[in-house]
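Report on the structure given below.
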Amino acid sequence: MRVVSAELIELDLPLVAPFATSFGVERRRRVLLAALTTADGLTGWSECVAAREPRYSSETVETVRGTIVEHLLPALARSREPTPAKFDRAVGWIRGHRMARATIEMALWDLTAQRRRISLARVLGGRRDRVEVGVSVGLHPTTTALLRSIEQYQQAGYGRVKLKVRPGRDEGPVRAVRRSFPDLRIWVDANQAYPASAVKRISHWLRRYAVEIVEQPFAAGALTAHARLARTGAARVALDESVEDRTGFEEARHLGALGALNVKPGRVGGLGPARTIAGAARRSRIPAWVGGMLETGIGRAHNVALASTAPFTLPADLSASDRYFADDIVEPPFALGPGSTLRVPSGVGLGVAIEWRELRRHVRRRRTYTIAP
Ligand code: OSB
Ligand code: MG
């Protein structure tokens, strides 16, 4: 399975609605796609999760592009029979740049599934044909607008919401949501926005409004603050940005900072590393869910396949295509089904087809790199 060429396609896709978090507002997504083609004519696809600006993470679309071209494609060229695991080992010397590594690693998983003529979910050992999902809800300009959005998501069938919060935009909105939706599963995600001194203050409203999970309230490195919040017992403390690898996972667990884990394969170096971390979480009885980064159907197909595997027992941050984009770039788009679920594609590879007409409409830049003659 020699990879002979890699195409990097950059899209500029408008979101159906602005997505505001403690780190900024996203109105459009700069999407970097990778397509690896083998000598026998298969093409494996993946989607980079980095954004245009280094707000959520230090990596950006541009650092990923540079890392892929300068370091990852040469590593791929040296490999006669690249598998995701072999690629992961071959680029293990690279410090960081996990979003870049994931972009290539995940395309190799698609190729692996295609070569075996089975779905990616099956290659990964998936056990469910539907995965339970929730919806991540950005900061809204007013509480009225927030309640209206949640009402719409609930009517669409979502059974769990994850509200973005930040200092000053937390207790009030959460109280209003709890009062309007007494039985709703409410999670909150602060994306590192609180100082460690806020432990007591936030524990108060988390408990009071029955928030089930509080995700990454403090800085990625502030494991002790997360542990202190966990000890209040106000809500389950989940980590996202803090856990980049197995070592980080173990450190957080030892400190008591890990009540639940958001695993994003595109952030931790790919599906292999994501499985390693999730496997460790499962053995430690730490519930995990698959997170999202506003992906198109390509990244979503990878994430949904992962979410069908055993360690993932909490509803994923993977919503239907129409929650993000007016028209997805895959066919069929992901649609919400009964019980707040998405169907796990059962076709070969990702199990979705590229919607070329839609994709072409949004291309900003496209370049093919020859890997082997
Ligand atoms: O922190 O989980 C996050 C989106 C962009 C960057 C960070 C996060 C998110 C989400 C969206 O919460 C989840 C989704 O894709 O629906
Ligand atoms: Mg998060």
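For the structure tokens, the naming scheme is as follows: chains receive sequential letters (A, B, ...) according to their order of presentation, residues are indexed from 1 within each chain, and ligands are indexed from 1 in presentation order.
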* To do: With only C-alpha atoms and all ligand atoms counted, collect every polymer residue having an atom within 9 Å of ligand 1; state the result as JSON, numbers by chain.
  => {"A": [19, 21, 23, 26, 49, 50, 51, 55, 56, 57, 134, 135, 136, 137, 138, 162, 163, 164, 189, 190, 191, 215, 216, 240, 241, 262, 264, 291, 292, 293, 294, 295, 300, 316, 317, 318, 319, 320, 323, 324]}
I need the residues from that last selection saved to file as a PDB file, in the first residue's frame (with C-alpha atoms), if you can.
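part-v4.pdb was written with the following content:
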ATOM      1  CA  PHE A  19     -19.959  29.731  17.350  1.00  0.00           C
ATOM      2  CA  THR A  21     -16.542  30.462  23.078  1.00  0.00           C
ATOM      3  CA  PHE A  23     -11.552  32.167  23.282  1.00  0.00           C
ATOM      4  CA  GLU A  26     -15.956  31.470  14.743  1.00  0.00           C
ATOM      5  CA  VAL A  49      -8.942  20.106  13.333  1.00  0.00           C
ATOM      6  CA  ALA A  50      -6.664  23.141  13.645  1.00  0.00           C
ATOM      7  CA  ALA A  51      -8.269  26.525  13.056  1.00  0.00           C
ATOM      8  CA  ARG A  55      -6.858  30.341  20.012  1.00  0.00           C
ATOM      9  CA  TYR A  56      -8.014  26.903  21.101  1.00  0.00           C
ATOM     10  CA  SER A  57      -4.586  25.397  20.406  1.00  0.00           C
ATOM     11  CA  GLY A 134     -25.316  15.910  22.264  1.00  0.00           C
ATOM     12  CA  VAL A 135     -24.926  19.440  21.012  1.00  0.00           C
ATOM     13  CA  SER A 136     -22.291  22.005  21.936  1.00  0.00           C
ATOM     14  CA  VAL A 137     -23.938  25.422  22.264  1.00  0.00           C
ATOM     15  CA  GLY A 138     -21.855  28.582  21.894  1.00  0.00           C
ATOM     16  CA  LYS A 162     -22.900  21.475  26.426  1.00  0.00           C
ATOM     17  CA  LEU A 163     -23.043  25.190  27.126  1.00  0.00           C
ATOM     18  CA  LYS A 164     -19.981  27.292  26.511  1.00  0.00           C
ATOM     19  CA  ASP A 189     -17.239  23.959  28.848  1.00  0.00           C
ATOM     20  CA  ALA A 190     -15.101  27.004  29.714  1.00  0.00           C
ATOM     21  CA  ASN A 191     -12.079  26.288  27.490  1.00  0.00           C
ATOM     22  CA  GLU A 215     -15.136  20.693  31.091  1.00  0.00           C
ATOM     23  CA  GLN A 216     -11.743  22.376  31.227  1.00  0.00           C
ATOM     24  CA  ASP A 240     -10.096  18.397  27.102  1.00  0.00           C
ATOM     25  CA  GLU A 241      -7.043  20.614  26.378  1.00  0.00           C
ATOM     26  CA  ASN A 262     -13.078  14.523  26.096  1.00  0.00           C
ATOM     27  CA  LYS A 264     -10.555  14.329  20.082  1.00  0.00           C
ATOM     28  CA  GLY A 291     -15.279  15.524  21.202  1.00  0.00           C
ATOM     29  CA  GLY A 292     -15.644  17.594  18.080  1.00  0.00           C
ATOM     30  CA  MET A 293     -14.105  20.649  16.463  1.00  0.00           C
ATOM     31  CA  LEU A 294     -16.921  21.707  14.134  1.00  0.00           C
ATOM     32  CA  GLU A 295     -15.772  19.185  11.551  1.00  0.00           C
ATOM     33  CA  ARG A 300     -17.183  13.585  11.602  1.00  0.00           C
ATOM     34  CA  ALA A 316     -20.381  12.595  21.942  1.00  0.00           C
ATOM     35  CA  ASP A 317     -19.987  16.235  20.849  1.00  0.00           C
ATOM     36  CA  LEU A 318     -20.909  15.124  17.349  1.00  0.00           C
ATOM     37  CA  SER A 319     -24.059  16.701  16.042  1.00  0.00           C
ATOM     38  CA  ALA A 320     -25.855  16.392  12.724  1.00  0.00           C
ATOM     39  CA  ARG A 323     -26.023  22.002  13.077  1.00  0.00           C
ATOM     40  CA  TYR A 324     -22.796  23.259  11.466  1.00  0.00           C
TER      41      TYR A 324
END
* Nearby residues (only C-alpha atoms) at most 8 Å from A:His140, same-chain spacing under 5 positions excluded, as a PyMOL selection string -> chain A and resi 20+145-146
So that I have them on file, write out the residues from the current selection with N, CA and C atoms, as a compact mmCIF listing (two decimals), in the first residue's frame.
# COMPACT_ATOMS: atom_id res chain seq x y z
N ALA A 20 -19.53 30.99 19.39
CA ALA A 20 -18.72 31.82 20.30
C ALA A 20 -18.33 31.01 21.52
N ALA A 145 -31.96 34.58 23.55
CA ALA A 145 -31.47 33.90 22.34
C ALA A 145 -30.95 32.51 22.68
N LEU A 146 -30.27 32.38 23.81
CA LEU A 146 -29.75 31.08 24.23
C LEU A 146 -30.90 30.09 24.45
* If you run DSSP on this backbone, which residues of stretch 276-318 of chain A come out as alpha helix (DSSP H), and could you give them as a VMD selection string? -> chain A and resid 276 to 283 297 to 307
* Which of these residues is nearest to A:Gly248, using only C-alpha atoms: A:Gly349, A:Gly221, A:Pro265, A:Gly92? ->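 Ranked by minimum distance to A:Gly248, first place goes to A:Gly221.
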* Atom pair atom CA of A:Val133 / atom CA of A:Val64: separation (Å) -> 28.4 Å
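Relative to atom CA of A:Ala34, atom CA of A:Ser22 is found at 29.1 Å.
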* To do: Enumerate the residues of stretch 17-128 of chain A with a DSSP assignment of strand (DSSP E or B), computed from the backbone, and present them as a ChimeraX atom specification.
  => /A:17-21,24-38,43-48,51,60,119
Keeping only N, CA and C atoms, write the selected residues to a file as a CSV table (one decimal), in the first residue's frame.
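What follows is the written file again07.csv:
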chain,number,residue,atom,x,y,z
A,17,ALA,N,-24.3,29.3,11.9
A,17,ALA,CA,-24.5,30.4,12.9
A,17,ALA,C,-23.1,30.6,13.6
A,18,PRO,N,-22.8,31.8,14.0
A,18,PRO,CA,-21.5,32.0,14.7
A,18,PRO,C,-21.4,31.1,15.9
A,19,PHE,N,-20.2,30.6,16.2
A,19,PHE,CA,-20.0,29.7,17.3
A,19,PHE,C,-19.0,30.5,18.3
A,20,ALA,N,-19.5,31.0,19.4
A,20,ALA,CA,-18.7,31.8,20.3
A,20,ALA,C,-18.3,31.0,21.5
A,21,THR,N,-17.1,31.1,21.9
A,21,THR,CA,-16.5,30.5,23.1
A,21,THR,C,-15.8,31.5,23.9
A,24,GLY,N,-13.1,33.1,21.6
A,24,GLY,CA,-13.4,33.9,20.4
A,24,GLY,C,-14.6,33.4,19.7
A,25,VAL,N,-14.9,34.1,18.6
A,25,VAL,CA,-16.1,33.7,17.8
A,25,VAL,C,-15.6,33.2,16.4
A,26,GLU,N,-16.2,32.0,16.1
A,26,GLU,CA,-16.0,31.5,14.7
A,26,GLU,C,-17.2,31.6,13.9
A,27,ARG,N,-17.1,32.3,12.8
A,27,ARG,CA,-18.2,32.4,11.8
A,27,ARG,C,-18.0,31.5,10.6
A,28,ARG,N,-16.8,31.2,10.3
A,28,ARG,CA,-16.4,30.4,9.2
A,28,ARG,C,-15.4,29.4,9.7
A,29,ARG,N,-15.3,28.3,9.0
A,29,ARG,CA,-14.2,27.4,9.3
A,29,ARG,C,-13.2,27.2,8.2
A,30,ARG,N,-11.9,27.4,8.5
A,30,ARG,CA,-10.9,27.2,7.5
A,30,ARG,C,-10.5,25.7,7.7
A,31,VAL,N,-11.0,24.9,6.7
A,31,VAL,CA,-10.8,23.5,6.8
A,31,VAL,C,-9.7,23.0,5.9
A,32,LEU,N,-8.8,22.2,6.5
A,32,LEU,CA,-7.7,21.6,5.8
A,32,LEU,C,-8.0,20.1,5.6
A,33,LEU,N,-8.1,19.7,4.4
A,33,LEU,CA,-8.4,18.2,4.1
A,33,LEU,C,-7.1,17.6,3.6
A,34,ALA,N,-6.9,16.4,3.9
A,34,ALA,CA,-5.8,15.6,3.3
A,34,ALA,C,-6.4,14.4,2.6
A,35,ALA,N,-5.9,14.2,1.4
A,35,ALA,CA,-6.3,13.0,0.6
A,35,ALA,C,-5.0,12.3,0.2
A,36,LEU,N,-4.8,11.0,0.7
A,36,LEU,CA,-3.6,10.2,0.3
A,36,LEU,C,-4.0,9.2,-0.7
A,37,THR,N,-3.3,9.2,-1.8
A,37,THR,CA,-3.6,8.2,-2.9
A,37,THR,C,-2.5,7.1,-2.9
A,38,THR,N,-3.0,5.9,-3.1
A,38,THR,CA,-2.0,4.7,-3.1
A,38,THR,C,-1.7,4.3,-4.5
A,43,THR,N,-8.0,6.2,-2.3
A,43,THR,CA,-7.7,7.5,-1.7
A,43,THR,C,-8.3,7.6,-0.3
A,44,GLY,N,-7.4,7.8,0.7
A,44,GLY,CA,-7.9,7.9,2.1
A,44,GLY,C,-8.0,9.4,2.5
A,45,TRP,N,-9.1,9.7,3.2
A,45,TRP,CA,-9.3,11.1,3.5
A,45,TRP,C,-9.2,11.4,5.0
A,46,SER,N,-8.9,12.7,5.3
A,46,SER,CA,-8.9,13.1,6.7
A,46,SER,C,-9.1,14.6,6.7
A,47,GLU,N,-9.4,15.1,7.9
A,47,GLU,CA,-9.7,16.5,8.1
A,47,GLU,C,-8.9,17.0,9.3
A,48,CYS,N,-8.1,18.1,9.1
A,48,CYS,CA,-7.3,18.7,10.2
A,48,CYS,C,-8.3,19.5,11.1
A,51,ALA,N,-7.5,25.4,13.6
A,51,ALA,CA,-8.3,26.5,13.1
A,51,ALA,C,-7.3,27.5,12.4
A,60,THR,N,-2.1,25.8,14.1
A,60,THR,CA,-3.0,26.5,13.1
A,60,THR,C,-3.0,25.7,11.8
A,119,SER,N,-15.7,-1.2,7.0
A,119,SER,CA,-15.9,0.2,7.5
A,119,SER,C,-14.8,0.5,8.5
* Considering only C-alpha atoms, return as an NGL selection string whatever protein or nucleic-acid residues lie within 8 Å of A:Asp322, sequence-local ones (same chain, fewer than 3 positions apart) excluded. => :A and (16 or 325-328 or 334-335)
With N, CA, C and O atoms kept, could you save the residues just selected as a CSV table (one decimal), in the first residue's frame?
chain,number,residue,atom,x,y,z
A,16,VAL,N,-23.4,27.7,9.9
A,16,VAL,CA,-24.8,28.2,9.8
A,16,VAL,C,-25.1,29.3,10.8
A,16,VAL,O,-26.0,30.1,10.6
A,325,PHE,N,-23.3,23.2,9.1
A,325,PHE,CA,-23.2,23.7,7.7
A,325,PHE,C,-24.5,23.6,7.0
A,325,PHE,O,-25.2,22.6,7.2
A,326,ALA,N,-24.8,24.5,6.1
A,326,ALA,CA,-26.0,24.5,5.3
A,326,ALA,C,-25.9,23.2,4.4
A,326,ALA,O,-26.9,22.5,4.2
A,327,ASP,N,-24.8,23.0,3.8
A,327,ASP,CA,-24.6,21.8,3.0
A,327,ASP,C,-23.3,21.1,3.4
A,327,ASP,O,-22.2,21.8,3.2
A,328,ASP,N,-23.3,19.9,3.8
A,328,ASP,CA,-22.1,19.2,4.1
A,328,ASP,C,-21.3,18.8,2.8
A,328,ASP,O,-21.9,18.8,1.8
A,334,PHE,N,-24.7,13.7,7.9
A,334,PHE,CA,-25.1,13.1,9.1
A,334,PHE,C,-26.4,13.7,9.6
A,334,PHE,O,-26.5,14.9,9.7
A,335,ALA,N,-27.3,12.8,10.0
A,335,ALA,CA,-28.6,13.3,10.4
A,335,ALA,C,-28.9,12.7,11.8
A,335,ALA,O,-28.5,11.6,12.2
* Asked: Between A:Gly159, A:Gly233, A:Pro173, A:Pro217, which has the minimum distance to A:Ala196 (counting only C-alpha atoms)?
  ->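 Looking at the shortest contact to A:Ala196, the residue is A:Pro217.
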* Asked: Restricting the calculation to only C-alpha atoms and all ligand atoms, which member of A:Arg361, A:Arg275, A:Asn303, A:Gln192 is positioned closest to ligand 2?
  -> A:Gln192
